[in-house]
Amino acid sequence: MNSVSPAVNRGFWLVLAAAFCWGTTGTAQAFAPAGATPLAIGALRLLVGGSALLCFAVGRRQLHWRGWPPAATATAIGAIAAYQLFFFAGVARTGVAVGTVVAIGSAPMLAGLIGLALLGERPTRRWLLSTLLAVAGCTLLIATGGDLRLDGAGILLAIGAGAAYSLYTIACKELLRVQPPDAVTAVAFFGGALLLAPLLFFVDLAWLAQPRGIMVALQLGLIATALAYMLFIRGLMTLPSATAVTLALAEPLTAATLGVLILGEQLTLPALGGMALIFAGLFVLSVRTRRQPPALAAAHQTTTSTH
């Protein structure tokens with residue numbers, strides 16, 4: 001029996017830790033003081049997280065100002081900014097559990113459609129099956145939410161977050177061909193922060209004077225953004241991309257669990273079944289084969305992607 005190398009084992013826990021950090025986003029927003037709007041929270045998250053990522057990339061001398069494809073760079077920056085607005089607004093209207101699961105569950109389907117339209121990538125049977133499972137899960141979750149706050153506009157906003165994330169992922173595929181991973185995340189997030197920064201002049205920031213407000217802003221920027229992406233990128237260095245994507249499914253699971261345990265949100269049995277179908281769809285999409293030839297498995301150990 002082949003043992004798991006220390007590097008692979010370390011990568012496993014790094015990606016799992018990153019997924020947990022992402023999953024705390026919606027719950028952190030729920031603890032924000034009165035007056036903290038989704039617009040203000042999203043802009044501050046990018047400002048804090050983007051600044052931290054930029055400092056990290058500069059400190060490691062990975063950031064170079066040449067060789068950035070204009071279209072892909074602009075798309076990554078714009079998509080990151082849009083994701084913040086859509087996600088936080090969706091969670092505010094429809095709750096942590098539903099908002100997070102719909103945003104995450106819709107992203108693979110939308111990525112497939114965008115890839116077909118922009119890159120000419122034809123969907124595979126695996127993608128079609130995962131799409132069917134995820135759509136069925138979202139439908140079941142929304143239709144049988146019980147005590148969950150189900151808001152039509154909130155659902156659309158969460159789907160918009162999934163679309164924005166899909167555009168970010170596709171843009172990063174091109175950027176990663178010519179730039180280091182830390183540089184890509186730094187430019188995307190700090191650029192998104194600059195894009196949203198002017199909006200801070202039109203929102204109420206008085207809630208930041210409260211200790212709880214400062215803690216929420218720091219948690220979202222440093223933990224749920226900067227730390228999460230630094231952990232994820234390093235985990236990908238020793239894990240196959242399929243394994244890393246499967247581990248990232250801990251994000252909506254973390255969000256839903258925190259929503260129930262900490263915020264008191266209620267999940268009915270049919271709603272839990274809907275979440276299970278979404279997870280199954282993402283699992284089908286991420287898993288390639290259970291058994292791979294040794295050479296192929298070794299090659300996958302250096303495969304990287306973005307979350």
# chains A, B, ... in the order shown; residues from 1 in each chain; ligands from 1
>>> residues_around(residues="A:Gly78", least_positions_apart="4", cutoff="12 Å", atoms="only C-alpha atoms", output="number ranges by chain")
A: 46, 71-74, 82-85, 163-169, 171, 187-196
>>> write_last_selection(atoms="N, CA and C atoms", output="PDB file, in the first residue's frame")
ATOM      1  N   LEU A  46     -12.647  43.798   0.359  1.00  0.00           N
ATOM      2  CA  LEU A  46     -11.645  43.853  -0.699  1.00  0.00           C
ATOM      3  C   LEU A  46     -10.495  44.774  -0.337  1.00  0.00           C
ATOM      4  N   ALA A  71      -7.326  42.382 -21.266  1.00  0.00           N
ATOM      5  CA  ALA A  71      -8.714  41.915 -21.183  1.00  0.00           C
ATOM      6  C   ALA A  71      -8.918  40.983 -19.987  1.00  0.00           C
ATOM      7  N   ALA A  72      -8.019  40.019 -19.826  1.00  0.00           N
ATOM      8  CA  ALA A  72      -8.144  39.072 -18.720  1.00  0.00           C
ATOM      9  C   ALA A  72      -7.969  39.763 -17.376  1.00  0.00           C
ATOM     10  N   THR A  73      -7.036  40.715 -17.301  1.00  0.00           N
ATOM     11  CA  THR A  73      -6.801  41.427 -16.045  1.00  0.00           C
ATOM     12  C   THR A  73      -8.020  42.254 -15.656  1.00  0.00           C
ATOM     13  N   ALA A  74      -8.584  42.977 -16.622  1.00  0.00           N
ATOM     14  CA  ALA A  74      -9.771  43.791 -16.346  1.00  0.00           C
ATOM     15  C   ALA A  74     -10.956  42.930 -15.950  1.00  0.00           C
ATOM     16  N   ALA A  82     -17.602  42.676  -8.520  1.00  0.00           N
ATOM     17  CA  ALA A  82     -19.017  42.353  -8.669  1.00  0.00           C
ATOM     18  C   ALA A  82     -19.431  41.227  -7.732  1.00  0.00           C
ATOM     19  N   TYR A  83     -18.553  40.258  -7.532  1.00  0.00           N
ATOM     20  CA  TYR A  83     -18.881  39.141  -6.654  1.00  0.00           C
ATOM     21  C   TYR A  83     -19.185  39.625  -5.242  1.00  0.00           C
ATOM     22  N   GLN A  84     -18.380  40.568  -4.736  1.00  0.00           N
ATOM     23  CA  GLN A  84     -18.603  41.067  -3.382  1.00  0.00           C
ATOM     24  C   GLN A  84     -20.000  41.668  -3.244  1.00  0.00           C
ATOM     25  N   LEU A  85     -20.378  42.489  -4.214  1.00  0.00           N
ATOM     26  CA  LEU A  85     -21.671  43.163  -4.140  1.00  0.00           C
ATOM     27  C   LEU A  85     -22.818  42.172  -4.229  1.00  0.00           C
ATOM     28  N   ALA A 163     -22.075  33.813 -11.175  1.00  0.00           N
ATOM     29  CA  ALA A 163     -21.651  34.203 -12.519  1.00  0.00           C
ATOM     30  C   ALA A 163     -20.369  35.025 -12.469  1.00  0.00           C
ATOM     31  N   ALA A 164     -20.289  35.952 -11.501  1.00  0.00           N
ATOM     32  CA  ALA A 164     -19.091  36.778 -11.372  1.00  0.00           C
ATOM     33  C   ALA A 164     -17.878  35.922 -11.042  1.00  0.00           C
ATOM     34  N   TYR A 165     -18.076  34.947 -10.156  1.00  0.00           N
ATOM     35  CA  TYR A 165     -16.961  34.072  -9.803  1.00  0.00           C
ATOM     36  C   TYR A 165     -16.519  33.220 -10.988  1.00  0.00           C
ATOM     37  N   SER A 166     -17.479  32.800 -11.800  1.00  0.00           N
ATOM     38  CA  SER A 166     -17.144  32.017 -12.986  1.00  0.00           C
ATOM     39  C   SER A 166     -16.289  32.836 -13.946  1.00  0.00           C
ATOM     40  N   LEU A 167     -16.639  34.102 -14.153  1.00  0.00           N
ATOM     41  CA  LEU A 167     -15.843  34.970 -15.021  1.00  0.00           C
ATOM     42  C   LEU A 167     -14.441  35.162 -14.453  1.00  0.00           C
ATOM     43  N   TYR A 168     -14.350  35.309 -13.132  1.00  0.00           N
ATOM     44  CA  TYR A 168     -13.043  35.464 -12.492  1.00  0.00           C
ATOM     45  C   TYR A 168     -12.176  34.230 -12.731  1.00  0.00           C
ATOM     46  N   THR A 169     -12.769  33.048 -12.583  1.00  0.00           N
ATOM     47  CA  THR A 169     -12.018  31.809 -12.767  1.00  0.00           C
ATOM     48  C   THR A 169     -11.492  31.683 -14.186  1.00  0.00           C
ATOM     49  N   ALA A 171     -10.943  34.104 -16.354  1.00  0.00           N
ATOM     50  CA  ALA A 171      -9.905  35.107 -16.586  1.00  0.00           C
ATOM     51  C   ALA A 171      -8.582  34.677 -15.958  1.00  0.00           C
ATOM     52  N   VAL A 187      -3.284  41.275  -7.625  1.00  0.00           N
ATOM     53  CA  VAL A 187      -3.772  42.255  -8.602  1.00  0.00           C
ATOM     54  C   VAL A 187      -5.297  42.218  -8.693  1.00  0.00           C
ATOM     55  N   ALA A 188      -5.867  41.016  -8.706  1.00  0.00           N
ATOM     56  CA  ALA A 188      -7.321  40.905  -8.832  1.00  0.00           C
ATOM     57  C   ALA A 188      -8.035  41.523  -7.634  1.00  0.00           C
ATOM     58  N   PHE A 189      -7.572  41.197  -6.434  1.00  0.00           N
ATOM     59  CA  PHE A 189      -8.269  41.672  -5.237  1.00  0.00           C
ATOM     60  C   PHE A 189      -7.968  43.135  -4.930  1.00  0.00           C
ATOM     61  N   PHE A 190      -6.710  43.572  -5.104  1.00  0.00           N
ATOM     62  CA  PHE A 190      -6.419  44.974  -4.846  1.00  0.00           C
ATOM     63  C   PHE A 190      -7.046  45.848  -5.926  1.00  0.00           C
ATOM     64  N   GLY A 191      -7.054  45.354  -7.166  1.00  0.00           N
ATOM     65  CA  GLY A 191      -7.721  46.095  -8.235  1.00  0.00           C
ATOM     66  C   GLY A 191      -9.214  46.212  -7.983  1.00  0.00           C
ATOM     67  N   GLY A 192      -9.822  45.123  -7.513  1.00  0.00           N
ATOM     68  CA  GLY A 192     -11.233  45.174  -7.163  1.00  0.00           C
ATOM     69  C   GLY A 192     -11.499  46.138  -6.030  1.00  0.00           C
ATOM     70  N   ALA A 193     -10.565  46.206  -5.071  1.00  0.00           N
ATOM     71  CA  ALA A 193     -10.709  47.139  -3.947  1.00  0.00           C
ATOM     72  C   ALA A 193     -10.674  48.581  -4.440  1.00  0.00           C
ATOM     73  N   LEU A 194      -9.764  48.883  -5.360  1.00  0.00           N
ATOM     74  CA  LEU A 194      -9.704  50.240  -5.910  1.00  0.00           C
ATOM     75  C   LEU A 194     -10.967  50.570  -6.691  1.00  0.00           C
ATOM     76  N   LEU A 195     -11.527  49.566  -7.352  1.00  0.00           N
ATOM     77  CA  LEU A 195     -12.744  49.781  -8.140  1.00  0.00           C
ATOM     78  C   LEU A 195     -13.923  50.140  -7.249  1.00  0.00           C
ATOM     79  N   LEU A 196     -13.987  49.528  -6.069  1.00  0.00           N
ATOM     80  CA  LEU A 196     -15.101  49.784  -5.164  1.00  0.00           C
ATOM     81  C   LEU A 196     -14.817  50.896  -4.155  1.00  0.00           C
TER      82      LEU A 196
END
>>> residues_around(residues="A:Ala36", least_positions_apart="3", cutoff="8 Å", atoms="only C-alpha atoms", output="compact mmCIF listing (two decimals) with N, CA and C atoms, in the first residue's frame")
# COMPACT_ATOMS: atom_id res chain seq x y z
N ALA A 32 -22.24 41.90 11.84
CA ALA A 32 -21.90 43.30 11.63
C ALA A 32 -22.91 44.20 12.34
N PRO A 33 -22.48 45.33 12.89
CA PRO A 33 -23.40 46.24 13.58
C PRO A 33 -24.45 46.81 12.64
N ALA A 40 -20.96 48.40 1.73
CA ALA A 40 -19.83 48.78 2.58
C ALA A 40 -19.00 47.58 2.99
N ILE A 41 -19.68 46.47 3.34
CA ILE A 41 -18.96 45.28 3.77
C ILE A 41 -18.12 44.71 2.64
N ASP A 204 -22.55 54.65 4.83
CA ASP A 204 -22.36 54.98 6.25
C ASP A 204 -21.31 54.03 6.84
N LEU A 205 -20.22 54.61 7.32
CA LEU A 205 -19.14 53.83 7.93
C LEU A 205 -19.05 54.04 9.43
N TRP A 207 -20.49 52.51 11.69
CA TRP A 207 -20.46 51.24 12.41
C TRP A 207 -19.03 50.75 12.65
>>> select_by_dssp(residues="stretch 56-185 of chain A", states="helix (DSSP H, G or I)", output="JSON, numbers by chain")
{"A": [56, 57, 58, 59, 70, 71, 72, 73, 74, 75, 76, 77, 78, 79, 80, 81, 82, 83, 84, 85, 86, 87, 88, 89, 90, 91, 92, 93, 94, 96, 97, 98, 99, 100, 101, 102, 103, 104, 105, 106, 107, 108, 109, 110, 111, 112, 113, 114, 115, 116, 117, 118, 119, 125, 126, 127, 128, 129, 130, 131, 132, 133, 134, 135, 136, 137, 138, 139, 140, 141, 142, 143, 152, 153, 154, 155, 156, 157, 158, 159, 160, 161, 162, 163, 164, 165, 166, 167, 168, 169, 170, 171, 172, 173, 174, 175, 181, 182, 183, 184, 185]}
>>> closest_residue(among="A:Ala228, A:Ala107, A:Ala117, A:Val101", to="A:Thr257", atoms="only C-alpha atoms")
A:Val101
>>> atom_distance(atom1="atom CA of A:Ala89", atom2="atom CA of A:Gly160")
10.3 Å
>>> atom_distance(atom1="atom CA of A:Leu222", atom2="atom CA of A:Leu47")
10.0 Å
